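Heads up, protein_27.cif below (mmCIF, C-alpha atoms):
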```cif
data_query
#
loop_
_atom_site.group_PDB
_atom_site.id
_atom_site.type_symbol
_atom_site.label_atom_id
_atom_site.label_comp_id
_atom_site.auth_asym_id
_atom_site.auth_seq_id
_atom_site.Cartn_x
_atom_site.Cartn_y
_atom_site.Cartn_z
ATOM 1 C CA MET P 1171 -4.781 10.611 -12.051
ATOM 2 C CA GLY P 1172 -1.743 8.818 -13.516
ATOM 3 C CA LYS P 1173 1.470 8.342 -11.617
ATOM 4 C CA LYS P 1174 2.407 10.317 -8.507
ATOM 5 C CA THR P 1175 5.537 9.995 -6.424
ATOM 6 C CA ALA P 1176 6.732 11.917 -3.395
ATOM 7 C CA THR P 1177 9.889 11.684 -1.360
ATOM 8 C CA GLY P 1178 9.417 10.099 2.032
ATOM 9 C CA THR P 1179 11.015 11.605 5.080
ATOM 10 C CA SER P 1180 12.099 10.207 8.403
ATOM 11 C CA ASP P 1181 14.610 10.743 11.142
ATOM 12 C CA GLU P 1182 17.788 8.713 10.735
ATOM 13 C CA GLY P 1183 17.619 5.378 12.515
ATOM 14 C CA SER P 1184 13.858 5.313 13.080
ATOM 15 C CA GLY P 1185 10.753 4.926 10.975
ATOM 16 C CA PRO P 1186 10.682 4.463 7.228
ATOM 17 C CA PRO P 1187 13.911 5.083 5.344
ATOM 18 C CA ARG P 1188 14.361 8.353 3.483
ATOM 19 C CA LEU P 1189 13.443 7.648 -0.124
ATOM 20 C CA THR P 1190 15.260 9.176 -3.061
ATOM 21 C CA LYS P 1191 13.723 9.844 -6.454
ATOM 22 C CA GLU P 1192 15.542 6.744 -7.723
ATOM 23 C CA ASP P 1193 14.024 4.647 -4.905
ATOM 24 C CA LEU P 1194 10.556 5.940 -5.696
ATOM 25 C CA ASP P 1195 11.047 5.291 -9.408
ATOM 26 C CA ARG P 1196 12.058 1.677 -8.667
ATOM 27 C CA ILE P 1197 8.996 1.272 -6.482
ATOM 28 C CA ALA P 1198 6.678 2.950 -9.011
ATOM 29 C CA ARG P 1199 7.807 0.587 -11.797
ATOM 30 C CA THR P 1200 6.169 -2.334 -9.952
ATOM 31 C CA LEU P 1201 2.685 -0.809 -10.064
ATOM 32 C CA PRO P 1202 1.579 -0.587 -13.743
ATOM 33 C CA ALA P 1203 1.835 -4.366 -14.249
ATOM 34 C CA PHE P 1204 -0.033 -4.868 -10.975
ATOM 35 C CA LEU P 1205 -2.891 -2.632 -12.169
ATOM 36 C CA LYS P 1206 -3.092 -4.427 -15.503
ATOM 37 C CA ASN P 1207 -2.997 -7.942 -14.020
ATOM 38 C CA SER P 1208 -5.380 -7.272 -11.143
ATOM 39 C CA ALA P 1209 -7.782 -5.100 -13.184
ATOM 40 C CA ALA P 1210 -7.798 -2.598 -10.289
ATOM 41 C CA SER P 1211 -8.460 1.063 -11.051
ATOM 42 C CA ALA P 1212 -5.910 2.602 -8.668
ATOM 43 C CA VAL P 1213 -3.144 1.660 -6.261
ATOM 44 C CA LEU P 1214 -1.430 3.759 -3.602
ATOM 45 C CA LEU P 1215 1.589 2.963 -1.508
ATOM 46 C CA ALA P 1216 1.595 4.888 1.763
ATOM 47 C CA ASP P 1217 3.901 4.870 4.758
ATOM 48 C CA LYS P 1218 2.593 4.169 8.257
ATOM 49 C CA ASN P 1219 2.089 7.919 8.766
ATOM 50 C CA GLY P 1220 -0.401 8.040 5.881
ATOM 51 C CA ARG P 1221 1.940 9.839 3.492
ATOM 52 C CA ILE P 1222 1.454 8.663 -0.097
ATOM 53 C CA LEU P 1223 4.756 7.508 -1.540
ATOM 54 C CA VAL P 1224 3.582 6.311 -4.948
ATOM 55 C CA GLN P 1225 0.204 6.374 -6.638
ATOM 56 C CA GLU P 1226 -0.831 4.845 -9.963
ATOM 57 C CA GLY P 1227 -4.139 4.649 -11.823
ATOM 58 C CA SER P 1228 -7.313 6.616 -11.392
ATOM 59 C CA SER P 1229 -10.420 6.631 -9.259
ATOM 60 C CA SER P 1230 -12.992 9.364 -8.922
ATOM 61 C CA ASN P 1231 -13.503 8.463 -5.248
ATOM 62 C CA LEU P 1232 -9.855 8.611 -4.222
ATOM 63 C CA GLY P 1233 -9.139 11.209 -1.550
ATOM 64 C CA GLY P 1234 -5.346 10.968 -1.631
ATOM 65 C CA GLU P 1235 -3.640 11.868 1.643
ATOM 66 C CA THR P 1236 -6.887 11.828 3.645
ATOM 67 C CA ILE P 1237 -7.842 8.309 2.637
ATOM 68 C CA SER P 1238 -4.330 6.962 3.116
ATOM 69 C CA ALA P 1239 -4.128 8.401 6.644
ATOM 70 C CA MET P 1240 -7.523 6.914 7.534
ATOM 71 C CA VAL P 1241 -6.599 3.545 6.066
ATOM 72 C CA VAL P 1242 -3.316 3.359 7.950
ATOM 73 C CA GLU P 1243 -5.180 4.177 11.167
ATOM 74 C CA SER P 1244 -7.697 1.413 10.448
ATOM 75 C CA PHE P 1245 -5.026 -1.217 11.097
ATOM 76 C CA GLU P 1246 -4.672 -0.224 14.767
ATOM 77 C CA PRO P 1247 -8.003 -1.713 15.951
ATOM 78 C CA HIS P 1248 -7.357 -4.803 13.819
ATOM 79 C CA GLU P 1249 -3.982 -5.258 15.523
ATOM 80 C CA ARG P 1250 -5.688 -5.080 18.931
ATOM 81 C CA LEU P 1251 -8.324 -7.593 17.773
ATOM 82 C CA SER P 1252 -5.655 -9.986 16.518
ATOM 83 C CA GLY P 1253 -3.970 -9.760 19.951
ATOM 84 C CA ILE P 1254 -7.250 -10.630 21.675
ATOM 85 C CA LEU P 1255 -7.660 -13.593 19.318
ATOM 86 C CA GLY P 1256 -4.077 -14.675 19.937
ATOM 87 C CA LYS P 1257 -3.056 -14.136 16.328
ATOM 88 C CA ALA P 1258 0.128 -12.545 14.979
ATOM 89 C CA GLY P 1259 -1.829 -9.840 13.149
ATOM 90 C CA PHE P 1260 -3.880 -9.226 10.065
ATOM 91 C CA SER P 1261 -2.000 -8.584 6.851
ATOM 92 C CA SER P 1262 -4.941 -7.255 4.860
ATOM 93 C CA ILE P 1263 -8.330 -5.627 5.217
ATOM 94 C CA TYR P 1264 -11.135 -5.509 2.664
ATOM 95 C CA HIS P 1265 -13.902 -2.878 2.426
ATOM 96 C CA GLN P 1266 -16.871 -2.840 0.076
ATOM 97 C CA GLU P 1267 -19.333 -0.042 -0.567
ATOM 98 C CA GLY P 1268 -21.722 -0.706 -3.398
ATOM 99 C CA ARG P 1269 -19.631 -1.281 -6.498
ATOM 100 C CA ASP P 1270 -16.473 0.259 -5.034
ATOM 101 C CA ASN P 1271 -13.966 -1.883 -3.171
ATOM 102 C CA LEU P 1272 -10.797 -1.230 -1.227
ATOM 103 C CA GLN P 1273 -8.145 -3.858 -0.432
ATOM 104 C CA ILE P 1274 -5.564 -2.732 2.125
ATOM 105 C CA SER P 1275 -2.419 -4.808 2.582
ATOM 106 C CA MET P 1276 0.584 -4.431 4.841
ATOM 107 C CA VAL P 1277 3.730 -4.460 2.701
ATOM 108 C CA ASP P 1278 6.031 -4.438 5.726
ATOM 109 C CA LYS P 1279 5.970 -2.823 9.184
ATOM 110 C CA GLU P 1280 6.294 0.649 7.646
ATOM 111 C CA ASN P 1281 4.205 0.616 4.431
ATOM 112 C CA VAL P 1282 0.667 -0.102 3.304
ATOM 113 C CA LEU P 1283 -0.679 -0.895 -0.176
ATOM 114 C CA LEU P 1284 -4.164 0.456 -0.952
ATOM 115 C CA VAL P 1285 -5.960 -0.979 -3.973
ATOM 116 C CA VAL P 1286 -9.170 0.506 -5.355
ATOM 117 C CA PHE P 1287 -11.233 -1.720 -7.637
ATOM 118 C CA SER P 1288 -14.784 -2.029 -8.902
ATOM 119 C CA ASP P 1289 -17.132 -4.974 -8.967
ATOM 120 C CA LYS P 1290 -15.855 -5.692 -12.495
ATOM 121 C CA THR P 1291 -12.900 -7.565 -10.998
ATOM 122 C CA THR P 1292 -12.839 -10.132 -8.230
ATOM 123 C CA LEU P 1293 -11.448 -9.885 -4.736
ATOM 124 C CA GLY P 1294 -9.535 -13.110 -5.349
ATOM 125 C CA MET P 1295 -7.743 -11.593 -8.348
ATOM 126 C CA VAL P 1296 -6.862 -8.457 -6.388
ATOM 127 C CA ARG P 1297 -5.635 -10.484 -3.394
ATOM 128 C CA LEU P 1298 -3.510 -12.732 -5.586
ATOM 129 C CA TYR P 1299 -1.725 -9.844 -7.291
ATOM 130 C CA SER P 1300 -1.635 -7.701 -4.127
ATOM 131 C CA HIS P 1301 0.240 -10.458 -2.342
ATOM 132 C CA ALA P 1302 2.744 -10.734 -5.195
ATOM 133 C CA VAL P 1303 3.371 -6.981 -5.534
ATOM 134 C CA SER P 1304 3.561 -6.560 -1.743
ATOM 135 C CA ALA P 1305 6.307 -9.201 -1.625
ATOM 136 C CA LYS P 1306 8.232 -7.380 -4.391
ATOM 137 C CA LEU P 1307 7.819 -4.056 -2.604
ATOM 138 C CA ALA P 1308 8.948 -5.547 0.725
ATOM 139 C CA VAL P 1309 12.154 -6.747 -0.962
ATOM 140 C CA LEU P 1310 12.713 -3.273 -2.463
ATOM 141 C CA PHE P 1311 12.212 -1.594 0.928
ATOM 142 C CA GLU P 1312 14.565 -4.054 2.602
ATOM 143 C CA ASP P 1313 17.176 -3.312 -0.060
ATOM 144 C CA ILE P 1314 16.724 0.444 0.538
ATOM 145 C CA ARG P 1315 17.112 -0.013 4.306
ATOM 146 C CA ARG P 1316 20.209 -2.171 3.825
ATOM 147 C CA ARG P 1317 21.835 0.429 1.544
ATOM 148 C CA ARG P 1318 21.062 3.216 4.050
ATOM 149 C CA ALA P 1319 22.523 1.305 7.014
#
```
Could the structure of this file be written out as structure tokens, please?
Amino acid sequence: MGKKTATGTSDEGSGPPRLTKEDLDRIARTLPAFLKNSAASAVLLADKNGRILVQEGSSSNLGGETISAMVVESFEPHERLSGILGKAGFSSIYHQEGRDNLQISMVDKENVLLVVFSDKTTLGMVRLYSHAVSAKLAVLFEDIRRRRA
């Protein structure tokens, strides 16, 4: 699959900021090291609308836009559950199907990181590096928003 980037769109003043090619390149540069360190097979960064912003790595089971839209929607019931439990919200979700795994992490209020990995790596390793790359991405998005303001 390799690297994929796409420009994000939004109305001025609401939703995710409009991303330029330079923004996407800055974001994409954070992902190869993440894949190497976490031993994941693929990583996607999607906005809250399910649009893939950046994609790196490969996975035969990756459905691109369809999977990102479904994953973003999966946070809604978790947000309701966290409200019932009196919690601030869940920052990540983990799914396992046989030897295929999916770690989904909120980067910020607008973006989600999807990590595909096999049983050859551990969830702990993926969570550790997902947390670190999500923090880096959140700083990049904040910088983009600040420059657009």
Next on the checklist: Take the PyMOL selection byres ((chain P and resi 1269-1284) around 6), run it mentally on this structure, and tell me the resulting residues as a list in words.
Outcome noted: Pro1186, Val1213, Leu1214, Leu1215, Ala1216, Asp1217, Lys1218, Ser1261, Ser1262, Ile1263, Tyr1264, His1265, Gln1266, Glu1267, Gly1268, Val1285, Val1286, Phe1287, Ser1288, Asp1289, Ser1304 and Ala1308 of chain P
Deliver the residues from the most recent selection as a file, using C-alpha atoms, as a PDB file, in the frame of the given file.
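In the end it all went to out_21.pdb:
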```
ATOM      1  CA  PRO P1186      10.682   4.463   7.228  1.00  0.00           C
ATOM      2  CA  VAL P1213      -3.144   1.660  -6.261  1.00  0.00           C
ATOM      3  CA  LEU P1214      -1.430   3.759  -3.602  1.00  0.00           C
ATOM      4  CA  LEU P1215       1.589   2.963  -1.508  1.00  0.00           C
ATOM      5  CA  ALA P1216       1.595   4.888   1.763  1.00  0.00           C
ATOM      6  CA  ASP P1217       3.901   4.870   4.758  1.00  0.00           C
ATOM      7  CA  LYS P1218       2.593   4.169   8.257  1.00  0.00           C
ATOM      8  CA  SER P1261      -2.000  -8.584   6.851  1.00  0.00           C
ATOM      9  CA  SER P1262      -4.941  -7.255   4.860  1.00  0.00           C
ATOM     10  CA  ILE P1263      -8.330  -5.627   5.217  1.00  0.00           C
ATOM     11  CA  TYR P1264     -11.135  -5.509   2.664  1.00  0.00           C
ATOM     12  CA  HIS P1265     -13.902  -2.878   2.426  1.00  0.00           C
ATOM     13  CA  GLN P1266     -16.871  -2.840   0.076  1.00  0.00           C
ATOM     14  CA  GLU P1267     -19.333  -0.042  -0.567  1.00  0.00           C
ATOM     15  CA  GLY P1268     -21.722  -0.706  -3.398  1.00  0.00           C
ATOM     16  CA  VAL P1285      -5.960  -0.979  -3.973  1.00  0.00           C
ATOM     17  CA  VAL P1286      -9.170   0.506  -5.355  1.00  0.00           C
ATOM     18  CA  PHE P1287     -11.233  -1.720  -7.637  1.00  0.00           C
ATOM     19  CA  SER P1288     -14.784  -2.029  -8.902  1.00  0.00           C
ATOM     20  CA  ASP P1289     -17.132  -4.974  -8.967  1.00  0.00           C
ATOM     21  CA  SER P1304       3.561  -6.560  -1.743  1.00  0.00           C
ATOM     22  CA  ALA P1308       8.948  -5.547   0.725  1.00  0.00           C
TER      23      ALA P1308
END
```
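Taking CA of Arg1221 (chain P) and CA of Lys1206 (chain P) as endpoints, the distance between them is 24.3 Å.
Near region 1201-1204 of chain P, within 10 Å and counting only C-alpha atoms, sit Gly1172, Lys1173, Arg1196, Ile1197, Ala1198, Asn1207, Ser1208, Ala1209, Ala1210, Ala1212, Val1213, Leu1214, Leu1215, Val1224, Gln1225, Glu1226, Gly1227, Val1285, Val1296, Tyr1299, Ser1300, Ala1302, Val1303 and Leu1307 of chain P, not including residues fewer than 3 positions from it in the same chain.
Closest to Ile1222 (chain P) among P:Leu1194, P:Lys1290, P:Gly1256, P:His1301 is P:Leu1194, based on all atoms listed in the file.
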With the input short on atoms, add N, CA and C atoms back to region 1190-1211 of chain P and write it as a compact mmCIF listing (two decimals), in the coordinates of the input.
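Result file follows (out03.txt):
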```txt
# COMPACT_ATOMS: atom_id res chain seq x y z
N THR P 1190 14.78 8.28 -2.01
CA THR P 1190 15.26 9.18 -3.06
C THR P 1190 14.33 9.06 -4.26
N LYS P 1191 14.50 9.93 -5.21
CA LYS P 1191 13.72 9.84 -6.45
C LYS P 1191 13.97 8.50 -7.14
N GLU P 1192 15.21 8.04 -7.12
CA GLU P 1192 15.54 6.74 -7.72
C GLU P 1192 14.81 5.60 -7.01
N ASP P 1193 14.76 5.66 -5.67
CA ASP P 1193 14.02 4.65 -4.90
C ASP P 1193 12.55 4.65 -5.31
N LEU P 1194 11.97 5.83 -5.35
CA LEU P 1194 10.56 5.94 -5.70
C LEU P 1194 10.29 5.47 -7.12
N ASP P 1195 11.21 5.75 -8.03
CA ASP P 1195 11.05 5.29 -9.41
C ASP P 1195 11.08 3.77 -9.47
N ARG P 1196 12.00 3.14 -8.72
CA ARG P 1196 12.06 1.68 -8.67
C ARG P 1196 10.75 1.10 -8.13
N ILE P 1197 10.25 1.72 -7.08
CA ILE P 1197 9.00 1.27 -6.48
C ILE P 1197 7.84 1.46 -7.46
N ALA P 1198 7.78 2.63 -8.09
CA ALA P 1198 6.68 2.95 -9.01
C ALA P 1198 6.63 2.00 -10.20
N ARG P 1199 7.77 1.49 -10.64
CA ARG P 1199 7.81 0.59 -11.80
C ARG P 1199 7.11 -0.74 -11.53
N THR P 1200 6.86 -1.09 -10.27
CA THR P 1200 6.17 -2.33 -9.95
C THR P 1200 4.66 -2.22 -10.11
N LEU P 1201 4.14 -0.99 -10.15
CA LEU P 1201 2.68 -0.81 -10.06
C LEU P 1201 1.90 -0.93 -11.38
N PRO P 1202 2.39 -0.45 -12.53
CA PRO P 1202 1.58 -0.59 -13.74
C PRO P 1202 1.21 -2.03 -14.08
N ALA P 1203 2.14 -2.96 -13.97
CA ALA P 1203 1.84 -4.37 -14.25
C ALA P 1203 0.81 -4.89 -13.25
N PHE P 1204 0.94 -4.46 -11.99
CA PHE P 1204 -0.03 -4.87 -10.98
C PHE P 1204 -1.43 -4.41 -11.37
N LEU P 1205 -1.57 -3.15 -11.78
CA LEU P 1205 -2.89 -2.63 -12.17
C LEU P 1205 -3.46 -3.42 -13.35
N LYS P 1206 -2.63 -3.69 -14.32
CA LYS P 1206 -3.09 -4.43 -15.50
C LYS P 1206 -3.53 -5.83 -15.12
N ASN P 1207 -2.69 -6.55 -14.37
CA ASN P 1207 -3.00 -7.94 -14.02
C ASN P 1207 -4.18 -8.08 -13.08
N SER P 1208 -4.31 -7.17 -12.14
CA SER P 1208 -5.38 -7.27 -11.14
C SER P 1208 -6.69 -6.66 -11.62
N ALA P 1209 -6.62 -5.84 -12.67
CA ALA P 1209 -7.78 -5.10 -13.18
C ALA P 1209 -8.31 -4.08 -12.16
N ALA P 1210 -7.43 -3.65 -11.25
CA ALA P 1210 -7.80 -2.60 -10.29
C ALA P 1210 -7.77 -1.25 -11.00
N SER P 1211 -8.45 -0.27 -10.43
CA SER P 1211 -8.46 1.06 -11.05
C SER P 1211 -7.38 1.97 -10.50
```
